[in-house]
$ cat final-v6.txt   # compact mmCIF, C-alpha atoms
# COMPACT_ATOMS: atom_id res chain seq x y z
CA MET K 257 61.79 101.33 -214.49
CA ILE K 258 60.07 99.94 -217.57
CA GLU K 259 63.23 97.92 -218.26
CA MET K 260 63.05 96.57 -214.73
CA LEU K 261 59.45 95.56 -215.26
CA LYS K 262 60.37 93.86 -218.53
CA LEU K 263 63.18 92.06 -216.80
CA ALA K 264 60.86 90.92 -214.02
CA GLU K 265 58.40 89.67 -216.57
CA GLU K 266 61.07 87.75 -218.41
CA THR K 267 62.27 86.15 -215.20
CA ALA K 268 58.70 85.34 -214.29
CA ALA K 269 58.12 83.82 -217.70
CA THR K 270 61.01 81.48 -217.26
CA GLN K 271 59.94 80.49 -213.74
CA GLY K 272 56.18 80.28 -214.32
CA GLU K 273 55.51 82.56 -211.36
CA PHE K 274 55.81 86.18 -210.32
CA SER K 275 58.25 87.40 -207.75
CA LEU K 276 56.91 88.32 -204.31
CA VAL K 277 56.74 92.06 -204.99
CA SER K 278 55.94 92.59 -208.62
CA ILE K 279 53.57 94.55 -210.77
CA ASP K 280 51.97 92.64 -213.60
CA PRO K 281 49.82 94.60 -216.11
CA ASN K 282 47.79 91.47 -216.88
CA THR K 283 46.75 91.03 -213.27
CA ILE K 284 45.94 94.72 -212.99
CA VAL K 285 43.72 94.61 -216.06
CA PHE K 286 41.92 91.46 -214.95
CA THR K 287 41.51 92.79 -211.43
CA LEU K 288 39.99 95.98 -212.83
CA ILE K 289 37.56 93.92 -214.89
CA ASN K 290 36.75 91.67 -211.91
CA THR K 291 36.20 94.68 -209.67
CA LEU K 292 33.86 96.22 -212.21
CA ILE K 293 31.90 92.97 -212.43
CA ILE K 294 31.68 92.66 -208.64
CA PHE K 295 30.59 96.30 -208.49
CA LEU K 296 27.80 95.62 -210.99
CA ILE K 297 26.73 92.43 -209.20
CA TYR K 298 26.67 94.22 -205.85
CA PHE K 299 24.84 97.19 -207.30
CA LEU K 300 22.20 95.23 -209.21
CA PHE K 301 21.63 92.29 -206.86
CA LEU K 302 21.89 93.92 -203.46
CA HIS K 303 22.40 97.67 -203.37
CA LYS K 304 19.60 98.76 -205.66
CA PRO K 305 16.82 96.49 -204.31
CA VAL K 306 17.73 97.16 -200.68
CA CYS K 307 17.93 100.92 -201.22
CA LYS K 308 14.58 100.78 -203.01
CA ILE K 309 13.03 98.94 -200.07
CA LEU K 310 14.60 101.32 -197.55
CA ASP K 311 13.34 104.36 -199.46
CA GLU K 312 9.88 102.82 -199.83
CA ARG K 313 9.78 102.09 -196.12
CA ALA K 314 10.88 105.61 -195.27
CA ALA K 315 8.17 106.97 -197.58
CA ALA K 316 5.57 104.66 -196.01
CA VAL K 317 6.58 105.73 -192.50
CA ASN K 318 6.42 109.39 -193.48
CA LYS K 319 3.02 108.84 -195.07
CA ASP K 320 1.72 107.05 -191.98
CA MET K 321 2.96 109.85 -189.77
CA ASP K 322 1.36 112.46 -192.02
CA ASP K 323 -1.88 110.49 -192.00
CA ALA K 324 -1.80 110.21 -188.22
CA GLN K 325 -1.19 113.95 -187.94
CA LYS K 326 -4.04 114.64 -190.32
CA ALA K 327 -6.37 112.27 -188.45
CA LYS K 328 -5.46 113.95 -185.18
CA GLU K 329 -6.19 117.38 -186.60
CA GLU K 330 -9.46 116.11 -187.98
CA ALA K 331 -10.40 114.61 -184.63
CA ASP K 332 -9.54 117.85 -182.85
CA LYS K 333 -11.66 119.78 -185.30
CA VAL K 334 -14.62 117.41 -184.87
CA LYS K 335 -14.20 117.52 -181.11
CA ALA K 336 -14.21 121.31 -181.07
CA GLU K 337 -17.27 121.29 -183.31
CA TYR K 338 -19.09 118.88 -181.00
CA GLU K 339 -18.15 120.87 -177.95
CA GLN K 340 -19.44 123.99 -179.61
CA ARG K 341 -22.67 122.23 -180.52
CA LEU K 342 -23.03 120.86 -177.01
CA GLN K 343 -22.56 124.33 -175.61
CA GLU K 344 -25.12 125.67 -178.04
CA SER K 345 -27.60 122.97 -177.01
CA LYS K 346 -27.03 123.77 -173.36
CA ASP K 347 -27.63 127.47 -174.03
CA GLU K 348 -30.75 126.61 -176.00
CA ALA K 349 -32.06 124.37 -173.23
CA SER K 350 -31.53 126.97 -170.54
CA ARG K 351 -33.12 129.58 -172.77
CA ILE K 352 -36.16 127.34 -173.30
CA VAL K 353 -36.44 126.67 -169.57
CA ALA K 354 -36.18 130.37 -168.80
CA GLU K 355 -38.82 131.18 -171.41
CA ALA K 356 -41.14 128.50 -170.09
CA THR K 357 -40.71 129.75 -166.54
CA LYS K 358 -41.47 133.27 -167.66
CA LYS K 359 -44.54 132.11 -169.57
CA ALA K 360 -45.74 130.08 -166.63
CA GLN K 361 -45.37 133.04 -164.31
CA GLN K 362 -47.26 135.23 -166.75
CA ARG K 363 -49.98 132.60 -166.97
CA GLU K 364 -50.11 132.32 -163.23
CA THR K 365 -50.69 136.06 -162.80
CA GLU K 366 -53.26 135.93 -165.58
CA ILE K 367 -55.13 133.04 -163.95
CA ILE K 368 -55.04 134.70 -160.57
CA SER K 369 -56.31 138.01 -161.89
CA ALA K 370 -59.03 136.22 -163.89
CA ALA K 371 -60.06 134.34 -160.78
CA ASN K 372 -60.14 137.57 -158.83
CA ASP K 373 -62.29 139.20 -161.47
CA GLU K 374 -64.68 136.30 -161.54
CA ALA K 375 -64.93 136.24 -157.81
CA ALA K 376 -65.70 139.96 -157.78
CA GLN K 377 -68.35 139.49 -160.43
CA LEU K 378 -69.90 136.60 -158.58
CA LYS K 379 -69.98 138.62 -155.41
CA LYS K 380 -71.57 141.54 -157.23
CA ARG K 381 -74.22 139.31 -158.81
CA ALA K 382 -74.94 137.64 -155.52
CA GLU K 383 -75.39 141.00 -153.88
CA GLU K 384 -77.75 142.10 -156.66
CA SER K 385 -79.84 138.97 -156.38
CA ILE K 386 -79.94 139.32 -152.60
CA GLU K 387 -81.20 142.89 -153.02
CA LYS K 388 -83.81 141.73 -155.51
CA GLU K 389 -84.99 138.91 -153.25
CA LYS K 390 -85.17 141.32 -150.43
CA LYS K 391 -87.40 143.73 -152.42
CA LYS K 392 -89.54 140.86 -153.60
CA ALA K 393 -89.98 139.61 -150.07
CA ILE K 394 -90.94 143.07 -148.89
CA ASN K 395 -93.51 143.39 -151.67
CA GLU K 396 -94.93 139.97 -150.88
CA ILE K 397 -95.14 140.83 -147.23
CA LYS K 398 -96.87 144.09 -148.12
CA GLU K 399 -99.47 142.28 -150.26
CA GLU K 400 -100.11 139.67 -147.63
CA ILE K 401 -100.50 142.30 -145.00
CA SER K 402 -102.92 144.26 -147.19
CA GLU K 403 -104.96 141.11 -147.81
CA MET K 404 -104.93 140.29 -144.15
CA VAL K 405 -105.95 143.89 -143.42
CA VAL K 406 -108.74 143.66 -145.93
CA MET K 407 -109.91 140.39 -144.46
CA ALA K 408 -109.59 141.67 -140.97
CA ALA K 409 -111.33 144.90 -141.81
CA SER K 410 -114.15 143.15 -143.58
CA LYS K 411 -114.53 140.78 -140.71
CA VAL K 412 -114.34 143.55 -138.19
CA ALA K 413 -116.70 145.87 -140.03
CA GLU K 414 -118.98 143.11 -141.18
CA LYS K 415 -120.60 145.40 -143.40
CA GLU K 416 -120.57 146.12 -147.08
CA ILE K 417 -118.24 148.73 -148.10
CA SER K 418 -118.23 150.08 -151.53
CA GLU K 419 -115.41 149.56 -153.76
CA LYS K 420 -114.43 153.13 -153.46
CA ASP K 421 -114.52 153.20 -149.69
CA ASN K 422 -112.61 150.02 -149.67
CA GLU K 423 -109.69 151.38 -151.50
CA LYS K 424 -109.70 154.45 -149.42
CA ILE K 425 -109.53 152.48 -146.26
CA ILE K 426 -106.74 150.26 -147.60
CA ASP K 427 -104.63 153.19 -148.61
CA THR K 428 -105.10 154.77 -145.23
CA VAL K 429 -104.11 151.54 -143.52
CA LEU K 430 -101.18 151.06 -145.76
CA SER K 431 -99.86 154.52 -145.31
CA GLN K 432 -100.26 154.05 -141.60
CA ILE K 433 -98.27 150.80 -141.84
CA GLY K 434 -95.69 152.49 -144.06
CA GLU K 435 -95.23 155.21 -141.52
CA SER K 436 -94.96 152.66 -138.75
CA ASP K 437 -92.04 150.98 -140.59
CA MET H 264 69.97 72.19 -182.46
CA ALA H 265 69.70 75.99 -182.80
CA THR H 266 72.08 75.96 -185.72
CA ASP H 267 70.04 73.18 -187.32
CA LEU H 268 66.94 75.31 -187.02
CA LEU H 269 68.68 78.28 -188.59
CA LYS H 270 69.96 76.09 -191.38
CA THR H 271 66.53 74.80 -192.21
CA ALA H 272 65.03 78.29 -191.77
CA ALA H 273 67.24 79.47 -194.59
CA GLU H 274 65.35 77.08 -196.81
CA PHE H 275 62.05 78.72 -195.92
CA SER H 276 60.74 81.01 -198.61
CA VAL H 277 57.49 82.69 -199.55
CA LYS H 278 56.77 82.57 -203.22
CA GLY H 279 54.91 84.99 -205.48
CA PRO H 280 51.68 84.08 -207.24
CA ILE H 281 52.20 81.30 -209.75
CA TRP H 282 50.89 81.36 -213.29
CA SER H 283 47.82 79.25 -213.59
CA PHE H 284 47.88 79.39 -217.36
CA ASP H 285 49.02 81.69 -220.10
CA PHE H 286 48.21 82.14 -223.77
CA TYR H 287 48.75 84.59 -226.58
CA ILE H 288 46.23 86.92 -228.20
CA GLY H 289 48.21 88.21 -231.14
CA SER H 290 51.33 89.62 -229.61
CA TRP H 291 49.75 90.05 -226.16
CA HIS H 292 51.05 87.46 -223.75
CA VAL H 293 48.05 86.93 -221.48
CA ILE H 294 49.01 85.53 -218.10
CA ILE H 295 46.27 84.38 -215.79
CA SER H 296 47.86 84.17 -212.37
CA GLU H 297 46.74 82.42 -209.22
CA SER H 298 45.36 85.75 -207.93
CA ILE H 299 42.89 86.03 -210.79
CA ILE H 300 41.71 82.45 -210.37
CA VAL H 301 41.08 83.00 -206.65
CA GLN H 302 39.30 86.28 -207.48
CA TRP H 303 36.97 84.39 -209.80
CA ILE H 304 36.14 81.93 -207.02
CA VAL H 305 35.54 84.82 -204.61
CA MET H 306 33.38 86.57 -207.20
CA ALA H 307 31.24 83.47 -207.62
CA VAL H 308 30.78 83.20 -203.85
CA LEU H 309 29.96 86.90 -203.55
CA ALA H 310 27.52 86.76 -206.44
CA VAL H 311 25.64 83.90 -204.75
CA ILE H 312 25.64 85.75 -201.40
CA PHE H 313 24.46 89.01 -202.95
CA PHE H 314 21.81 87.25 -205.00
CA ILE H 315 20.43 85.32 -202.01
CA LEU H 316 20.47 88.41 -199.77
CA GLY H 317 18.96 90.73 -202.34
CA ARG H 318 15.95 88.78 -203.59
CA ASN H 319 12.36 88.78 -202.33
CA LEU H 320 12.69 91.91 -200.23
CA LYS H 321 9.56 93.24 -198.57
CA VAL H 322 8.68 96.66 -197.21
CA HIS H 323 7.45 95.06 -193.99
CA ALA H 324 10.51 92.96 -193.32
CA THR H 325 10.42 89.95 -191.07
CA SER H 326 13.11 87.61 -192.41
CA ARG H 327 16.61 87.50 -190.96
CA ARG H 328 17.98 87.36 -194.48
CA GLN H 329 16.50 90.75 -195.26
CA MET H 330 17.69 92.14 -191.92
CA ALA H 331 21.21 91.07 -192.86
CA ALA H 332 20.91 92.61 -196.33
CA GLU H 333 19.60 95.88 -194.92
CA TYR H 334 22.27 95.92 -192.25
CA LEU H 335 25.01 95.42 -194.83
CA VAL H 336 23.76 98.08 -197.23
CA GLY H 337 22.93 100.43 -194.33
CA PHE H 338 26.46 99.97 -192.97
CA PHE H 339 28.02 101.12 -196.26
CA ARG H 340 25.47 103.89 -196.67
CA ASN H 341 26.27 105.29 -193.23
CA MET H 342 29.99 104.86 -193.76
CA VAL H 343 29.95 106.80 -197.02
CA ARG H 344 27.58 109.45 -195.68
CA ASP H 345 29.64 110.01 -192.54
CA THR H 346 32.99 110.13 -194.33
CA MET H 347 32.12 111.80 -197.63
CA GLY H 348 28.88 113.63 -196.99
CA GLU H 349 25.41 113.44 -198.46
CA LYS H 350 26.41 114.58 -201.98
CA TYR H 351 28.69 111.54 -202.54
CA ASN H 352 25.92 108.96 -202.03
CA LYS H 353 26.55 107.47 -205.46
CA TYR H 354 29.92 106.12 -204.29
CA THR H 355 28.15 103.83 -201.80
CA ALA H 356 27.86 100.92 -204.22
CA TYR H 357 31.52 101.04 -205.23
CA ILE H 358 32.72 101.25 -201.62
CA GLY H 359 30.42 98.39 -200.60
CA ALA H 360 31.52 96.19 -203.48
CA LEU H 361 35.20 97.00 -202.89
CA PHE H 362 34.89 96.29 -199.16
CA CYS H 363 33.23 92.90 -199.69
CA PHE H 364 35.62 91.96 -202.49
CA SER H 365 38.72 92.97 -200.56
CA ILE H 366 37.71 91.27 -197.34
CA LEU H 367 36.80 87.97 -199.01
CA ASN H 368 39.97 88.09 -201.11
CA SER H 369 42.01 88.41 -197.92
CA LEU H 370 39.99 85.78 -196.08
CA SER H 371 40.47 83.29 -198.91
CA SER H 372 43.79 82.40 -197.24
CA LEU H 373 41.71 80.64 -194.57
CA PHE H 374 40.70 78.14 -197.25
CA GLY H 375 44.28 77.47 -198.29
CA PHE H 376 44.40 79.85 -201.24
CA ARG H 377 47.07 82.45 -201.76
CA SER H 378 45.27 85.72 -200.95
CA PRO H 379 44.92 87.84 -204.08
CA THR H 380 45.40 90.89 -201.84
CA SER H 381 48.93 89.73 -201.04
CA ASP H 382 49.64 90.25 -204.74
CA LEU H 383 50.75 93.83 -205.31
CA SER H 384 49.19 93.96 -208.79
CA VAL H 385 45.70 93.28 -207.44
CA VAL H 386 45.77 96.04 -204.81
CA ALA H 387 47.52 98.33 -207.28
CA ALA H 388 44.49 98.01 -209.56
CA TRP H 389 42.30 99.34 -206.74
CA GLY H 390 44.86 102.09 -206.13
CA VAL H 391 44.53 103.04 -209.79
CA ILE H 392 40.75 103.23 -209.38
CA THR H 393 41.18 105.50 -206.35
CA PHE H 394 43.59 107.70 -208.30
CA VAL H 395 41.22 107.97 -211.25
CA LEU H 396 38.20 108.71 -209.04
CA THR H 397 40.17 111.36 -207.13
CA GLN H 398 41.33 113.17 -210.26
CA ARG H 399 37.89 112.87 -211.80
CA ASN H 400 36.24 114.40 -208.75
CA LYS H 401 38.79 117.21 -208.74
CA PHE H 402 38.07 117.89 -212.39
CA LYS H 403 34.33 117.64 -211.92
CA THR H 404 34.08 119.98 -208.94
CA GLY H 405 36.77 122.49 -209.94
CA GLY H 406 36.69 122.41 -213.73
CA VAL H 407 39.88 122.74 -215.76
CA LYS H 408 40.91 125.87 -213.88
CA GLY H 409 40.34 124.42 -210.43
CA PHE H 410 42.07 121.18 -211.43
CA PHE H 411 45.33 122.90 -212.37
CA LYS H 412 45.05 125.58 -209.72
CA GLY H 413 45.01 122.84 -207.08
CA PHE H 414 48.62 121.95 -208.00
CA ILE H 415 50.06 125.45 -207.36
CA GLU H 416 48.38 125.98 -204.03
CA PRO H 417 49.18 127.44 -201.59
CA LEU H 418 52.32 128.64 -203.49
CA PRO H 419 53.53 127.91 -207.05
CA PHE H 420 56.81 126.37 -205.93
CA MET H 421 54.77 123.62 -204.24
CA LEU H 422 53.94 122.16 -207.67
CA PRO H 423 56.35 119.18 -207.55
CA PHE H 424 55.33 118.31 -204.01
CA ASN H 425 51.67 118.47 -204.92
CA ILE H 426 52.22 116.15 -207.87
CA ILE H 427 54.14 113.72 -205.68
CA GLY H 428 51.39 113.97 -203.08
CA GLU H 429 48.70 113.09 -205.60
CA ILE H 430 50.60 109.97 -206.65
CA ALA H 431 51.83 109.08 -203.18
CA ASN H 432 48.30 108.84 -201.76
CA PRO H 433 47.12 105.82 -203.79
CA VAL H 434 50.60 104.29 -203.76
CA SER H 435 50.87 104.37 -199.97
CA GLN H 436 47.32 103.10 -199.64
CA THR H 437 48.08 100.26 -202.03
CA LEU H 438 51.34 99.30 -200.33
CA ARG H 439 49.73 99.35 -196.88
CA HIS H 440 47.00 96.94 -197.87
CA PHE H 441 49.24 94.65 -199.89
CA ALA H 442 52.10 94.59 -197.37
CA ASN H 443 49.88 93.94 -194.35
CA ILE H 444 48.23 90.93 -195.93
CA LEU H 445 51.51 89.64 -197.37
CA ALA H 446 53.29 90.11 -194.04
CA GLY H 447 50.44 88.28 -192.34
CA SER H 448 50.81 85.30 -194.61
CA VAL H 449 54.62 85.36 -194.30
CA ILE H 450 54.38 85.38 -190.51
CA GLY H 451 51.78 82.64 -190.65
CA GLY H 452 54.09 80.56 -192.87
CA LEU H 453 57.02 81.15 -190.55
CA ILE H 454 55.01 80.10 -187.51
CA TYR H 455 53.89 76.88 -189.17
CA PHE H 456 57.43 76.19 -190.31
CA ALA H 457 58.98 76.91 -186.90
CA LEU H 458 56.40 74.89 -184.97
CA GLY H 459 56.83 72.03 -187.38
CA GLN H 460 60.58 72.07 -186.76
CA ILE H 461 60.40 72.40 -182.96
CA ALA H 462 57.75 69.94 -181.88
CA ASN H 463 57.30 67.76 -184.90
CA GLY H 464 53.84 69.18 -185.37
CA LEU H 465 52.58 68.66 -181.84
CA GLY H 466 52.85 72.32 -180.87
CA ALA H 467 50.96 73.35 -183.95
CA ILE H 468 47.63 73.11 -182.11
CA GLY H 469 46.19 76.32 -180.67
CA LEU H 470 48.86 78.92 -181.27
CA PRO H 471 48.44 79.09 -185.08
CA ALA H 472 44.69 79.48 -184.58
CA VAL H 473 45.15 82.54 -182.37
CA LEU H 474 47.70 84.09 -184.71
CA SER H 475 45.57 83.27 -187.70
CA LEU H 476 42.65 85.01 -186.02
CA TYR H 477 44.69 88.19 -185.94
CA PHE H 478 46.71 87.99 -189.17
CA ASP H 479 43.96 86.57 -191.34
CA CYS H 480 40.55 87.55 -189.92
CA PHE H 481 41.19 90.80 -188.06
CA SER H 482 43.83 92.09 -190.43
CA SER H 483 41.67 91.29 -193.45
CA PHE H 484 38.79 93.24 -192.04
CA ILE H 485 40.85 96.18 -190.85
CA GLN H 486 42.81 96.50 -194.09
CA ALA H 487 39.63 96.43 -196.19
CA TYR H 488 38.12 99.05 -193.89
CA ILE H 489 41.22 101.27 -194.03
CA PHE H 490 41.48 100.97 -197.80
CA CYS H 491 37.83 101.96 -198.25
CA THR H 492 38.06 104.79 -195.73
CA LEU H 493 41.19 106.17 -197.41
CA THR H 494 39.55 105.92 -200.83
CA MET H 495 36.57 107.87 -199.54
CA ALA H 496 38.80 110.43 -197.83
CA TYR H 497 40.95 110.99 -200.95
CA VAL H 498 37.98 111.26 -203.30
CA SER H 499 35.95 113.61 -201.13
CA GLY H 500 39.11 115.52 -200.17
CA ALA H 501 39.65 116.32 -203.85
CA ASP H 502 36.49 118.43 -203.82
CA CYS H 503 37.43 121.83 -205.29
CA SER H 504 33.98 123.36 -205.16
CA GLU H 505 33.75 126.41 -202.94
CA ASP H 506 31.01 125.83 -200.41

$ encode --input "final-v6.txt" --output "structure tokens"
Amino acid sequence: MIEMLKLAEETAATQGEFSLVSIDPNTIVFTLINTLIIFLIYFLFLHKPVCKILDERAAAVNKDMDDAQKAKEEADKVKAEYEQRLQESKDEASRIVAEATKKAQQRETEIISAANDEAAQLKKRAEESIEKEKKKAINEIKEEISEMVVMAASKVAEKEISEKDNEKIIDTVLSQIGESD
Amino acid sequence: MATDLLKTAAEFSVKGPIWSFDFYIGSWHVIISESIIVQWIVMAVLAVIFFILGRNLKVHATSRRQMAAEYLVGFFRNMVRDTMGEKYNKYTAYIGALFCFSILNSLSSLFGFRSPTSDLSVVAAWGVITFVLTQRNKFKTGGVKGFFKGFIEPLPFMLPFNIIGEIANPVSQTLRHFANILAGSVIGGLIYFALGQIANGLGAIGLPAVLSLYFDCFSSFIQAYIFCTLTMAYVSGADCSED
């Protein structure tokens, strides 16, 4: 086989060209070198930068998705917190209203009972003063009557009566009047 | 007239790659063939394309250029991940470079060059790479023991067949790629020749374009794809690790 190759090479050398189906070590070696160079060019100029960009983009997309997820969780947390606070405020408000209502009712009963007490007191005082006035009036009437009696008696008797007799007479009259009451 | 055509058809021939220049380094006769020259042109084009696509990339992409770059790299990434699995991600760059290099080498025939991929030596070099990567992966995943054990499985008498199988894989892959592209260019040459003979060039409008679409464009793409897929399959298939 090697002899055949040598023969082919010799024929080629004389003709300045290779036969249609031939293996030439020179071409193989140069093709290997060329392929290596093309590999390096492809790798350095295109493959590496593009892969870098693709990886960076994938990382950026992942990061954005993670961020979005995180933001969503955060929002949910805040929302839950606000809802809880809102609920608490509502509870507080209703509690305050209930307390105020209770206080107002208490106050109402207090005011009413105070008013009742005062009214009772006023009534009692009024009754007392009426009683007093009544007594006073009776006494005044009694005095007036006694004076009138004295005057009438003195006019009727037209005579001097001693002080002692006078009093005696008055008492008698008065007792008579008192009995006639 | 038919005999005339046959007579002239006998003159038709497809030639191998010519020597562009040759020189000696000591006793080493260095021959730079047409294939290598075309490869250098393709490499320059690819380098410019890769450089333009790969610069000024932004995380928030808006430019079509970056879309194209990401699509290209993403295509190879998915291809390698789907065929070889997540643990072989580091092969992505080689597969991508090989795919681009192979396809542009084949497509160079559209610009009047002789496709480097229709030169057996060029594709054989890639076959050698596949072979080396396969054996390396076998050694790496199985260790010395696993490497040699793989040859006597399932039974020791299978040893010769296993050895042949290991060599046959890259050889068949190489020949498929090389022969498809070469056959395409031979058929293309025949069509041009025949049409030129029949209609004095008038019929050469339309039909060659359709055939060229298949034998040059489609075939170039499909052969590059098959070669890369087979490389991935052989390399990941050599995995001896037990998981």

$ interface_residues --input "final-v6.txt" --of "chain H" --to "chain K" --cutoff "6 Å" --atoms "all atoms listed in the file" --output "PyMOL selection string"
chain H and resi 278-282+313-314+317+322+356-357+360+384-385+388

$ atom_distance --input "final-v6.txt" --atom1 "atom CA of H:Gly405" --atom2 "atom CA of H:Val498"
13.1 Å

$ atom_distance --input "final-v6.txt" --atom1 "atom CA of H:Arg318" --atom2 "atom CA of H:Ile300"
27.4 Å

$ axis_aligned_box --input "final-v6.txt" --around "stretch 402-408 of chain K" --padding-each-side "5 Å" --output "JSON"
{"center_x": -106.4, "center_y": 142.3, "center_z": -144.4, "size_x": 17.0, "size_y": 14.0, "size_z": 16.8}

$ residues_around --input "final-v6.txt" --residues "H:Arg399" --least-positions-apart "4" --cutoff "9 Å" --atoms "only C-alpha atoms" --output "list in words"
Phe394, Val395, Lys403, Thr404, Val498 and Ala501 of chain H

$ write_last_selection --input "final-v6.txt" --atoms "C-alpha atoms" --output "PDB file, keeping the file's coordinate frame"
ATOM      1  CA  PHE H 394      43.590 107.700-208.300  1.00  0.00           C
ATOM      2  CA  VAL H 395      41.220 107.970-211.250  1.00  0.00           C
ATOM      3  CA  LYS H 403      34.330 117.640-211.920  1.00  0.00           C
ATOM      4  CA  THR H 404      34.080 119.980-208.940  1.00  0.00           C
ATOM      5  CA  VAL H 498      37.980 111.260-203.300  1.00  0.00           C
ATOM      6  CA  ALA H 501      39.650 116.320-203.850  1.00  0.00           C
TER       7      ALA H 501
END

$ residues_around --input "final-v6.txt" --residues "H:Asp285" --least-positions-apart "2" --cutoff "10 Å" --atoms "all atoms listed in the file" --output "tab-separated table (two decimals) with C-alpha atoms, keeping the file's coordinate frame"
chain	number	residue	atom	x	y	z
K	269	ALA	CA	58.12	83.82	-217.70
K	272	GLY	CA	56.18	80.28	-214.32
H	282	TRP	CA	50.89	81.36	-213.29
H	283	SER	CA	47.82	79.25	-213.59
H	287	TYR	CA	48.75	84.59	-226.58
H	292	HIS	CA	51.05	87.46	-223.75
H	293	VAL	CA	48.05	86.93	-221.48
H	294	ILE	CA	49.01	85.53	-218.10
H	295	ILE	CA	46.27	84.38	-215.79
H	296	SER	CA	47.86	84.17	-212.37

$ atom_distance --input "final-v6.txt" --atom1 "atom CA of H:Ile366" --atom2 "atom CA of H:Cys480"
8.8 Å

$ closest_residue --input "final-v6.txt" --among "H:Thr492, H:Ser378, H:Asn400, H:Asn368" --to "H:Ala446" --atoms "all atoms listed in the file"
H:Ser378

$ closest_residue --input "final-v6.txt" --among "H:Phe339, H:Trp389, H:Phe478, H:Phe490" --to "H:Leu445" --atoms "all atoms listed in the file"
H:Phe478

$ closest_residue --input "final-v6.txt" --among "H:Ser475, H:Thr325, H:Ser483, H:Gln460" --to "H:Leu367" --atoms "only C-alpha atoms"
H:Ser483

$ decode --input "final-v6.txt" --residues "stretch 383-399 of chain K" --atoms "N, CA and C atoms" --output "compact mmCIF listing (two decimals), in the first residue's frame"
# COMPACT_ATOMS: atom_id res chain seq x y z
N GLU K 383 -92.75 71.08 100.42
CA GLU K 383 -93.77 70.66 101.41
C GLU K 383 -93.49 71.28 102.78
N GLU K 384 -92.16 71.23 103.14
CA GLU K 384 -91.76 71.78 104.44
C GLU K 384 -92.11 73.27 104.53
N SER K 385 -91.72 73.98 103.42
CA SER K 385 -91.97 75.43 103.47
C SER K 385 -93.46 75.73 103.51
N ILE K 386 -94.23 74.89 102.77
CA ILE K 386 -95.70 75.07 102.80
C ILE K 386 -96.19 74.91 104.23
N GLU K 387 -95.71 73.88 104.90
CA GLU K 387 -96.12 73.60 106.29
C GLU K 387 -95.81 74.79 107.20
N LYS K 388 -94.55 75.30 106.97
CA LYS K 388 -94.09 76.43 107.79
C LYS K 388 -95.00 77.65 107.60
N GLU K 389 -95.23 77.92 106.27
CA GLU K 389 -96.07 79.08 105.94
C GLU K 389 -97.44 78.95 106.58
N LYS K 390 -97.87 77.69 106.51
CA LYS K 390 -99.21 77.44 107.06
C LYS K 390 -99.26 77.80 108.56
N LYS K 391 -98.22 77.29 109.30
CA LYS K 391 -98.15 77.55 110.74
C LYS K 391 -98.07 79.04 111.04
N LYS K 392 -97.20 79.67 110.19
CA LYS K 392 -97.00 81.12 110.37
C LYS K 392 -98.33 81.86 110.19
N ALA K 393 -99.02 81.47 109.14
CA ALA K 393 -100.31 82.11 108.84
C ALA K 393 -101.28 81.91 109.99
N ILE K 394 -101.29 80.68 110.52
CA ILE K 394 -102.20 80.41 111.64
C ILE K 394 -101.87 81.31 112.83
N ASN K 395 -100.53 81.37 113.12
CA ASN K 395 -100.11 82.22 114.25
C ASN K 395 -100.52 83.66 114.05
N GLU K 396 -100.29 84.15 112.81
CA GLU K 396 -100.64 85.54 112.51
C GLU K 396 -102.13 85.77 112.70
N ILE K 397 -102.87 84.81 112.18
CA ILE K 397 -104.33 84.93 112.32
C ILE K 397 -104.71 84.98 113.80
N LYS K 398 -104.06 84.06 114.57
CA LYS K 398 -104.35 84.02 116.01
C LYS K 398 -104.09 85.37 116.67
N GLU K 399 -102.92 85.99 116.35
CA GLU K 399 -102.55 87.27 116.94
C GLU K 399 -103.55 88.34 116.57
